[in-house]
>>> print(open('query_12.csv').read())   # CSV, C-alpha atoms and all ligand atoms
chain,number,residue,atom,x,y,z
I,153,MET,CA,98.9,101.0,96.5
I,154,PHE,CA,99.6,103.0,93.3
I,155,GLN,CA,103.1,103.5,94.7
I,156,ARG,CA,104.0,99.9,93.9
I,157,ILE,CA,102.8,100.3,90.3
I,158,LYS,CA,105.0,103.5,90.0
I,159,GLU,CA,108.0,101.6,91.3
I,160,THR,CA,107.3,98.7,88.9
I,161,ILE,CA,107.2,101.1,85.9
I,162,ASP,CA,110.1,103.2,87.1
I,163,ASN,CA,112.3,100.2,87.5
I,164,GLY,CA,111.3,98.4,84.3
I,165,ARG,CA,111.9,99.0,80.7
I,166,LYS,CA,109.7,96.5,78.8
I,167,PHE,CA,106.0,95.9,79.5
I,168,LEU,CA,103.2,93.9,78.1
I,169,VAL,CA,99.5,94.8,78.5
I,170,THR,CA,96.8,92.2,78.0
I,171,SER,CA,93.0,91.8,78.5
I,172,HIS,CA,90.3,89.3,78.0
I,173,VAL,CA,89.1,87.1,75.2
I,174,ASP,CA,86.1,88.5,73.2
I,175,PRO,CA,87.3,92.0,74.1
I,176,ASP,CA,84.7,94.6,74.9
I,177,GLY,CA,85.2,98.4,74.9
I,178,ASP,CA,86.7,98.5,78.4
I,179,ALA,CA,89.2,95.7,77.5
I,180,VAL,CA,90.4,97.3,74.3
I,181,GLY,CA,90.2,100.9,75.5
I,182,SER,CA,92.0,100.2,78.8
I,183,ALA,CA,94.7,98.1,77.2
I,184,PHE,CA,95.4,100.6,74.5
I,185,ALA,CA,95.3,103.6,76.9
I,186,LEU,CA,97.7,101.9,79.3
I,187,CYS,CA,100.1,100.9,76.5
I,188,LEU,CA,100.1,104.4,75.0
I,189,ALA,CA,100.7,105.9,78.4
I,190,LEU,CA,103.7,103.5,79.0
I,191,THR,CA,105.1,104.5,75.6
I,192,GLY,CA,104.6,108.1,76.5
I,193,LEU,CA,106.7,107.5,79.6
I,194,GLY,CA,109.5,106.3,77.4
I,195,LYS,CA,109.0,102.6,78.0
I,196,ASP,CA,108.9,99.7,75.5
I,197,ALA,CA,105.3,98.5,75.6
I,198,ALA,CA,103.1,96.2,73.6
I,199,VAL,CA,99.5,94.8,73.8
I,200,TYR,CA,98.5,91.2,73.6
I,201,LEU,CA,94.9,90.3,72.9
I,202,GLN,CA,94.0,86.7,72.0
I,203,ASP,CA,91.2,87.8,69.8
I,204,ALA,CA,91.0,90.3,67.0
I,205,VAL,CA,89.7,93.8,67.9
I,206,PRO,CA,86.0,93.8,67.1
I,207,TYR,CA,85.1,96.1,64.2
I,208,ARG,CA,83.3,98.6,66.4
I,209,TYR,CA,86.6,99.3,68.3
I,210,ARG,CA,88.9,99.5,65.3
I,211,PHE,CA,88.7,103.3,65.2
I,212,LEU,CA,90.4,103.4,68.6
I,213,PRO,CA,93.8,105.0,68.5
I,214,ARG,CA,96.1,102.0,68.8
I,215,PRO,CA,99.6,101.4,70.1
I,216,ALA,CA,102.3,100.5,67.5
I,217,ALA,CA,102.5,96.9,68.7
I,218,VAL,CA,99.2,94.9,69.1
I,219,HIS,CA,99.8,91.1,69.1
I,220,HIS,CA,97.3,88.3,68.8
I,221,GLU,CA,99.9,85.6,69.7
I,222,LEU,CA,101.5,85.8,73.1
I,223,PRO,CA,105.0,87.4,72.4
I,224,GLU,CA,108.2,85.9,73.8
I,225,ASP,CA,108.9,86.3,77.5
I,226,GLY,CA,111.2,89.0,78.7
I,227,TYR,CA,108.8,91.6,80.1
I,228,ASP,CA,109.6,93.3,83.4
I,229,ALA,CA,105.9,93.2,84.2
I,230,VAL,CA,102.6,92.2,82.5
I,231,PHE,CA,99.6,94.4,83.1
I,232,VAL,CA,96.3,92.4,83.0
I,233,VAL,CA,93.3,94.7,82.7
I,234,ASP,CA,89.6,94.0,83.0
I,235,CYS,CA,90.0,90.3,83.9
I,236,GLY,CA,88.4,88.8,86.9
I,237,ASP,CA,90.8,85.8,86.7
I,238,LEU,CA,93.9,85.1,84.7
I,239,ARG,CA,92.2,82.4,82.5
I,240,ARG,CA,90.2,85.2,80.9
I,241,VAL,CA,93.3,86.2,79.0
I,242,GLY,CA,92.9,83.0,76.9
I,243,ASN,CA,95.8,81.4,75.1
I,244,GLY,CA,99.1,81.8,77.0
I,245,HIS,CA,97.6,82.6,80.4
I,246,GLU,CA,99.3,79.6,82.0
I,247,SER,CA,102.8,80.8,80.9
I,248,LEU,CA,102.0,84.3,82.1
I,249,GLY,CA,100.9,82.9,85.5
I,250,HIS,CA,104.2,80.9,85.9
I,251,LYS,CA,106.7,83.3,84.5
I,252,SER,CA,105.6,86.9,84.8
I,253,PHE,CA,105.3,89.6,87.3
I,254,LEU,CA,101.6,90.4,87.0
I,255,VAL,CA,99.8,93.7,87.7
I,256,ASN,CA,96.1,93.0,87.9
I,257,ILE,CA,93.9,96.1,87.3
I,258,ASP,CA,90.2,95.3,87.4
I,259,HIS,CA,86.7,96.0,88.6
I,260,HIS,CA,85.1,92.6,88.9
I,261,GLU,CA,83.7,91.6,92.3
I,262,SER,CA,84.7,88.1,91.5
I,263,ASN,CA,88.4,89.1,91.0
I,264,ASP,CA,90.6,86.4,92.6
I,265,ALA,CA,93.7,88.7,93.1
I,266,PHE,CA,95.9,86.7,90.8
I,267,GLY,CA,98.6,89.4,90.4
I,268,GLN,CA,101.7,90.3,92.4
I,269,ILE,CA,100.1,93.7,92.5
I,270,ASN,CA,96.3,93.8,92.6
I,271,ILE,CA,94.4,97.1,92.1
I,272,VAL,CA,90.8,95.9,92.2
I,273,ASP,CA,87.8,98.2,92.9
I,274,GLU,CA,84.4,96.6,92.2
I,275,ARG,CA,82.8,100.0,92.7
I,276,ALA,CA,84.5,101.4,89.7
I,277,SER,CA,82.3,101.8,86.6
I,278,SER,CA,85.0,100.3,84.5
I,279,THR,CA,88.7,99.3,84.5
I,280,ALA,CA,89.3,102.5,82.6
I,281,GLU,CA,88.1,104.5,85.6
I,282,ILE,CA,90.7,102.8,87.9
I,283,LEU,CA,93.3,103.2,85.2
I,284,TYR,CA,92.5,107.0,85.0
I,285,LEU,CA,93.4,107.3,88.6
I,286,VAL,CA,96.6,105.2,88.2
I,287,LEU,CA,97.7,107.3,85.2
I,288,LYS,CA,97.0,110.5,87.1
I,289,SER,CA,99.1,109.3,90.0
I,290,LEU,CA,101.9,108.5,87.5
I,291,GLY,CA,101.8,112.1,86.1
I,292,VAL,CA,100.9,110.8,82.6
I,293,ARG,CA,100.1,113.5,80.1
I,294,PHE,CA,96.6,112.6,78.7
I,295,THR,CA,96.9,112.9,74.9
I,296,GLY,CA,93.8,112.9,72.8
I,297,ASP,CA,94.5,109.2,71.8
I,298,ILE,CA,94.7,108.1,75.5
I,299,ALA,CA,91.5,110.1,76.2
I,300,THR,CA,89.6,108.5,73.4
I,301,ASN,CA,90.4,105.1,74.6
I,302,LEU,CA,89.5,105.8,78.2
I,303,TYR,CA,86.3,107.6,77.2
I,304,THR,CA,85.1,104.8,75.0
I,305,ALA,CA,85.9,102.2,77.7
I,306,VAL,CA,83.8,104.2,80.3
I,307,ILE,CA,80.8,104.8,78.0
I,308,THR,CA,80.7,101.2,76.8
I,309,ASP,CA,80.9,99.6,80.3
I,310,THR,CA,78.2,102.0,81.6
I,311,GLY,CA,75.9,101.3,78.6
I,312,SER,CA,76.3,105.0,77.7
I,313,PHE,CA,75.6,106.1,81.3
I,314,ARG,CA,72.5,103.8,81.7
I,315,TYR,CA,73.7,101.1,84.0
I,316,ASP,CA,73.8,101.4,87.8
I,317,ASN,CA,77.6,101.7,87.7
I,318,THR,CA,77.1,105.2,86.3
I,319,THR,CA,78.5,107.4,88.9
I,320,GLU,CA,79.5,111.0,89.2
I,321,ARG,CA,83.1,110.0,88.8
I,322,ALA,CA,82.2,108.1,85.5
I,323,PHE,CA,80.7,111.3,84.2
I,324,SER,CA,83.5,113.5,85.4
I,325,ILE,CA,86.2,111.4,83.8
I,326,CYS,CA,84.4,111.5,80.5
I,327,ARG,CA,83.9,115.2,80.9
I,328,GLU,CA,87.7,115.6,81.5
I,329,MET,CA,88.5,113.4,78.5
I,330,VAL,CA,86.3,115.6,76.3
I,331,GLY,CA,88.5,118.4,77.5
I,332,PHE,CA,91.5,116.5,76.2
I,333,GLY,CA,90.0,116.4,72.7
I,334,VAL,CA,87.5,113.4,72.6
I,335,SER,CA,84.6,113.8,70.2
I,336,PRO,CA,81.6,112.1,71.7
I,337,VAL,CA,79.8,112.0,68.4
I,338,HIS,CA,82.8,110.4,66.7
I,339,VAL,CA,83.0,107.7,69.4
I,340,ALA,CA,79.2,107.1,69.3
I,341,ALA,CA,79.1,106.9,65.5
I,342,ASN,CA,81.9,104.3,65.5
I,343,VAL,CA,80.6,102.2,68.4
I,344,TYR,CA,76.9,102.4,67.8
I,345,GLU,CA,76.2,103.4,64.2
I,346,ASN,CA,78.8,101.4,62.3
I,347,HIS,CA,77.3,97.9,62.0
I,348,PRO,CA,77.3,95.9,58.8
I,349,LYS,CA,73.8,95.0,57.6
I,350,GLU,CA,74.6,91.4,58.3
I,351,ARG,CA,74.4,92.1,62.0
I,352,PHE,CA,70.7,92.8,61.6
I,353,GLN,CA,70.1,89.7,59.4
I,354,LEU,CA,71.7,87.8,62.3
I,355,LEU,CA,69.5,89.6,64.8
I,356,CYS,CA,66.4,88.5,62.9
I,357,LEU,CA,67.3,84.9,63.2
I,358,VAL,CA,68.2,85.3,66.9
I,359,LEU,CA,65.0,87.2,67.8
I,360,ALA,CA,63.0,84.4,66.2
I,361,THR,CA,64.4,82.1,69.0
I,362,LEU,CA,63.3,84.4,71.8
I,363,GLU,CA,61.3,82.8,74.5
I,364,THR,CA,60.1,84.2,77.8
I,365,LEU,CA,59.7,82.0,80.9
I,366,SER,CA,58.7,82.3,84.6
I,367,ASP,CA,55.8,84.7,83.9
I,368,ASP,CA,57.9,86.6,81.3
I,369,ARG,CA,60.6,87.4,83.9
I,370,ILE,CA,63.3,85.5,82.1
I,371,ALA,CA,64.1,86.1,78.4
I,372,LEU,CA,66.3,83.6,76.5
I,373,ALA,CA,67.6,83.6,73.0
I,374,LEU,CA,70.0,81.6,71.0
I,375,VAL,CA,72.8,82.2,68.4
I,376,THR,CA,74.1,79.2,66.6
I,377,GLY,CA,77.0,78.5,64.4
I,378,ASP,CA,74.6,77.9,61.6
I,379,MET,CA,73.1,81.4,62.0
I,380,PHE,CA,76.6,82.9,61.8
I,381,SER,CA,77.4,81.0,58.6
I,382,ARG,CA,74.0,81.8,57.0
I,383,THR,CA,74.5,85.5,57.6
I,384,HIS,CA,78.3,85.6,57.1
I,385,THR,CA,78.8,86.9,60.6
I,386,SER,CA,80.8,85.9,63.7
I,387,ALA,CA,80.6,86.5,67.4
I,388,GLU,CA,81.6,90.1,67.2
I,389,HIS,CA,78.3,90.8,65.3
I,390,SER,CA,76.2,89.5,68.2
I,391,GLU,CA,77.8,91.7,70.9
I,392,GLY,CA,75.0,93.6,72.6
I,393,PHE,CA,72.1,91.4,71.5
I,394,VAL,CA,71.5,90.4,75.1
I,395,GLU,CA,70.8,94.0,75.9
I,396,TYR,CA,67.7,94.0,73.6
I,397,LEU,CA,66.2,91.1,75.5
I,398,LYS,CA,66.5,93.2,78.7
I,399,GLU,CA,64.4,95.9,77.1
I,400,ILE,CA,61.2,93.9,77.5
I,401,ASP,CA,59.2,95.5,80.4
I,402,SER,CA,58.5,92.4,82.4
I,403,VAL,CA,62.0,90.8,82.1
I,404,GLU,CA,64.2,90.6,85.1
I,405,VAL,CA,66.9,88.4,83.7
I,406,ALA,CA,68.0,88.2,80.0
I,407,CYS,CA,70.2,85.4,78.7
I,408,LEU,CA,71.8,84.9,75.4
I,409,LEU,CA,73.3,81.5,74.5
I,410,ARG,CA,75.9,81.6,71.8
I,411,GLU,CA,77.1,78.4,70.4
I,412,THR,CA,80.9,78.3,70.3
I,413,ALA,CA,81.4,74.6,69.3
I,414,HIS,CA,79.0,71.7,69.0
I,415,GLY,CA,77.1,71.4,72.3
I,416,LYS,CA,79.1,74.3,73.8
I,417,TYR,CA,77.7,77.7,74.6
I,418,LYS,CA,78.9,81.0,75.8
I,419,VAL,CA,76.2,82.3,78.1
I,420,SER,CA,75.7,86.1,78.5
I,421,MET,CA,73.4,87.1,81.4
I,422,ARG,CA,72.0,90.5,82.3
I,423,SER,CA,69.8,91.4,85.3
I,424,LYS,CA,67.7,94.5,85.8
I,425,ASN,CA,67.0,94.5,89.5
I,426,GLY,CA,67.4,91.9,92.3
I,427,VAL,CA,68.9,88.8,90.7
I,428,ASP,CA,72.7,88.6,91.2
I,429,VAL,CA,73.8,87.1,87.9
I,430,ALA,CA,77.5,87.2,88.9
I,431,SER,CA,76.8,84.6,91.6
I,432,VAL,CA,74.9,82.4,89.1
I,433,ALA,CA,77.7,82.7,86.6
I,434,ARG,CA,80.3,81.9,89.3
I,435,SER,CA,78.4,78.8,90.3
I,436,LEU,CA,78.7,77.7,86.7
I,437,GLY,CA,82.4,78.4,86.4
I,438,GLY,CA,82.2,81.9,85.0
I,439,GLY,CA,82.1,85.4,86.6
I,440,GLY,CA,81.2,89.0,86.1
I,441,HIS,CA,79.2,91.7,87.8
I,442,ARG,CA,75.9,91.6,89.7
I,443,LYS,CA,74.0,92.8,86.6
I,444,ALA,CA,76.2,91.5,83.7
I,445,ALA,CA,77.9,88.2,83.9
I,446,GLY,CA,78.8,85.2,81.8
I,447,CYS,CA,80.0,81.6,81.7
I,448,THR,CA,80.5,78.7,79.4
I,449,MET,CA,78.2,75.7,79.5
I,450,GLU,CA,78.3,72.3,77.7
I,451,GLY,CA,75.7,69.7,76.9
I,452,ASP,CA,72.1,69.4,75.7
I,453,LEU,CA,70.4,72.8,75.1
I,454,ASP,CA,67.2,71.9,77.1
I,455,THR,CA,69.3,70.8,80.0
I,456,ILE,CA,71.4,74.0,79.9
I,457,LYS,CA,68.2,76.1,79.8
I,458,ASN,CA,66.7,74.2,82.8
I,459,ILE,CA,69.9,74.7,84.8
I,460,LEU,CA,69.8,78.4,84.1
I,461,ILE,CA,66.1,78.8,84.8
I,462,GLY,CA,66.6,76.9,88.1
I,463,ALA,CA,69.6,79.0,89.1
I,464,PHE,CA,67.8,82.4,88.7
I,465,SER,CA,65.0,81.2,91.1
I,466,LEU,CA,62.5,83.6,89.5
J,501,LIG,P1,79.4,89.4,78.3
J,501,LIG,O1,78.1,88.7,78.5
J,501,LIG,O2,80.4,88.6,77.5
J,501,LIG,O3,79.3,90.8,77.8
J,501,LIG,O4,80.1,89.5,79.7
J,501,LIG,C1,79.5,90.2,80.8
J,501,LIG,C2,80.4,90.2,82.0
J,501,LIG,O5,80.6,88.9,82.4
J,501,LIG,C3,81.7,90.8,81.7
J,501,LIG,O6,82.0,91.7,82.8
J,501,LIG,C4,82.7,89.7,81.6
J,501,LIG,O7,83.9,90.0,82.2
J,501,LIG,C5,82.0,88.6,82.4
J,501,LIG,N1,82.2,87.3,81.8
J,501,LIG,C6,81.6,86.9,80.6
J,501,LIG,N2,82.0,85.6,80.3
J,501,LIG,C7,82.7,85.2,81.3
J,501,LIG,C8,83.4,84.0,81.6
J,501,LIG,N3,83.3,82.9,80.8
J,501,LIG,N4,84.1,83.9,82.7
J,501,LIG,C9,84.2,84.9,83.6
J,501,LIG,N5,83.5,86.1,83.4
J,501,LIG,C10,82.8,86.3,82.3
J,502,MN,MN,85.2,93.6,79.9
J,503,MN,MN,85.0,96.2,82.4
>>> encode(input="query_12.csv", output="structure tokens")
Amino acid sequence: MFQRIKETIDNGRKFLVTSHVDPDGDAVGSAFALCLALTGLGKDAAVYLQDAVPYRYRFLPRPAAVHHELPEDGYDAVFVVDCGDLRRVGNGHESLGHKSFLVNIDHHESNDAFGQINIVDERASSTAEILYLVLKSLGVRFTGDIATNLYTAVITDTGSFRYDNTTERAFSICREMVGFGVSPVHVAANVYENHPKERFQLLCLVLATLETLSDDRIALALVTGDMFSRTHTSAEHSEGFVEYLKEIDSVEVACLLRETAHGKYKVSMRSKNGVDVASVARSLGGGGHRKAAGCTMEGDLDTIKNILIGAFSL
């Protein structure tokens, strides 16, 4: 399987690497690592991310070219990392789908194999873990910059080795990356201890909306556009809030609804044990993993909540 990627890279000169909207650590880290690796192989490579890099990932060593508008065509191949379906790329995904040779590298169970080449392993902790194997097979030299990106991607997607995608291989890749010069304390300080105080002002407002349902097995909270304006924050400041809801002992499923436009919500779902939130998210037009998934919903808030509560069957 990796042989076809090698041929694609050997036979091409110009590549684009892209990932999903609202990029997380795996999206940014995997895209940057792959782009830096391609450049290291003497190729012309650039990254396209629809959205800005969230503040907590701005310390990541970045490639020379990171675009937030889809660049002109003319790429020998486009690598799409950490996206279960091509729509997750956001603006420009249609034109990529029509015109480009797509290499899909991902770990979502819901991945619909949209690429001409598809390297999808839902058992991988992160896309970065698959990418590590791809880069090894290509004989890439792991610089400190590539290692920092891969390490950050693995630790963020495993919740710092707390989620059940935390495997021996996830640890061993991180161990190897530390050998290539990664400083775990530097990464942790940037990712986890670098928030503006406004994030906590926003958190106060969000926690005030917390409700628990179904014998406290479901936790729901809301972030509105008004809360963002009152605290001078934006979506990037609410990343990870849903994880707090999951910390309640009785909670099986945590849900954070973030208003993206009037009557439109991005739903983030997290499950602790039995509930498969990926299948719930898929049934609502989204996707994700068994224990972390998301979708977009429109309409009246109470109706949305009722649909969600019904779908979890708790
Ligand atoms: P989030 O709640 O945004 O952190 O996302 C959790 C997981 O669900 C990630 O693996 C995402 O890739 C996936 N996900 C989130 N939102 C969507 C969506 N609208 N469509 C498909 N997958 C999503
Ligand atoms: Mn992701
Ligand atoms: Mn991922």
>>> closest_atom_pairs(input="query_12.csv", of="range 186-236 of chain I", to="range 308-319 of chain I", cutoff="12 Å", atoms="only C-alpha atoms", output="tab-separated table")
residue	atom	partner	partner_atom	distance
I:Arg208	CA	I:Thr308	CA	11.0
I:Tyr209	CA	I:Thr308	CA	10.5
I:Asp234	CA	I:Asp309	CA	10.7
>>> residues_near_ligand(input="query_12.csv", ligand="ligand MN 503 (chain J)", cutoff="12 Å", atoms="all atoms listed in the file", output="PyMOL selection string")
chain I and resi 171-172+175-183+232-236+257-261+263+272-283+302+304-311+317+439-441+444-445
>>> residues_around(input="query_12.csv", residues="range 407-418 of chain I", least_positions_apart="6", cutoff="7 Å", atoms="all atoms listed in the file", output="PyMOL selection string")
chain I and resi 371-377+394+447-452
>>> residues_near_point(input="query_12.csv", point="(64.2, 96.3, 91.7)", cutoff="12 Å", atoms="all atoms listed in the file", output="NGL selection string")
:I and (316 or 402-405 or 423-428 or 443)
>>> write_last_selection(input="query_12.csv", atoms="C-alpha atoms", output="short mmCIF file (atom, residue, chain, number, x, y, z; two decimals), in the coordinates of the input")
data_model
loop_
_atom_site.label_atom_id
_atom_site.label_comp_id
_atom_site.auth_asym_id
_atom_site.auth_seq_id
_atom_site.Cartn_x
_atom_site.Cartn_y
_atom_site.Cartn_z
CA ASP I 316 73.80 101.40 87.80
CA SER I 402 58.50 92.40 82.40
CA VAL I 403 62.00 90.80 82.10
CA GLU I 404 64.20 90.60 85.10
CA VAL I 405 66.90 88.40 83.70
CA SER I 423 69.80 91.40 85.30
CA LYS I 424 67.70 94.50 85.80
CA ASN I 425 67.00 94.50 89.50
CA GLY I 426 67.40 91.90 92.30
CA VAL I 427 68.90 88.80 90.70
CA ASP I 428 72.70 88.60 91.20
CA LYS I 443 74.00 92.80 86.60
#
>>> residues_around(input="query_12.csv", residues="Ala406 in chain I", least_positions_apart="6", cutoff="6 Å", atoms="only C-alpha atoms", output="PyMOL selection string")
chain I and resi 370-371+397-398+421-422
>>> closest_residue(input="query_12.csv", among="I:Val337, I:Ile269, I:Cys187, I:Val241", to="ligand LIG 501 (chain J)", atoms="all atoms listed in the file")
I:Val241
>>> atom_distance(input="query_12.csv", atom1="CA of Arg369 in chain I", atom2="CA of Ser435 in chain I")
20.8 Å
>>> atom_distance(input="query_12.csv", atom1="CA of Asp367 in chain I", atom2="CA of Gly462 in chain I")
14.0 Å
>>> build_atoms(input="query_12.csv", residues="range 193-205 of chain I", atoms="N, CA, C and O atoms", output="compact mmCIF listing (two decimals), keeping the file's coordinate frame")
# COMPACT_ATOMS: atom_id res chain seq x y z
N LEU I 193 105.73 107.38 78.54
CA LEU I 193 106.70 107.50 79.60
C LEU I 193 108.08 107.01 79.22
O LEU I 193 108.98 106.87 80.05
N GLY I 194 108.23 106.72 77.92
CA GLY I 194 109.50 106.30 77.40
C GLY I 194 109.81 104.82 77.53
O GLY I 194 110.95 104.38 77.39
N LYS I 195 108.76 104.04 77.79
CA LYS I 195 109.00 102.60 78.00
C LYS I 195 108.67 101.86 76.66
O LYS I 195 107.97 102.35 75.78
N ASP I 196 109.16 100.63 76.61
CA ASP I 196 108.90 99.70 75.50
C ASP I 196 107.63 98.94 75.90
O ASP I 196 107.67 98.18 76.86
N ALA I 197 106.52 99.16 75.20
CA ALA I 197 105.30 98.50 75.60
C ALA I 197 104.53 97.94 74.42
O ALA I 197 104.58 98.49 73.32
N ALA I 198 103.85 96.82 74.66
CA ALA I 198 103.10 96.20 73.60
C ALA I 198 101.77 95.65 74.23
O ALA I 198 101.68 95.46 75.45
N VAL I 199 100.77 95.42 73.35
CA VAL I 199 99.50 94.80 73.80
C VAL I 199 99.40 93.41 73.25
O VAL I 199 99.80 93.15 72.12
N TYR I 200 98.88 92.51 74.07
CA TYR I 200 98.50 91.20 73.60
C TYR I 200 97.04 90.94 73.87
O TYR I 200 96.59 91.04 75.01
N LEU I 201 96.28 90.66 72.81
CA LEU I 201 94.90 90.30 72.90
C LEU I 201 94.72 88.99 72.15
O LEU I 201 95.05 88.95 70.97
N GLN I 202 94.21 87.95 72.78
CA GLN I 202 94.00 86.70 72.00
C GLN I 202 93.22 86.91 70.76
O GLN I 202 93.57 86.45 69.69
N ASP I 203 92.11 87.64 70.91
CA ASP I 203 91.20 87.80 69.80
C ASP I 203 91.37 89.10 69.05
O ASP I 203 91.85 90.08 69.62
N ALA I 204 90.92 89.12 67.81
CA ALA I 204 91.00 90.30 67.00
C ALA I 204 90.17 91.44 67.67
O ALA I 204 89.21 91.16 68.40
N VAL I 205 90.52 92.67 67.40
CA VAL I 205 89.70 93.80 67.90
C VAL I 205 88.43 93.85 67.13
O VAL I 205 88.43 93.91 65.90
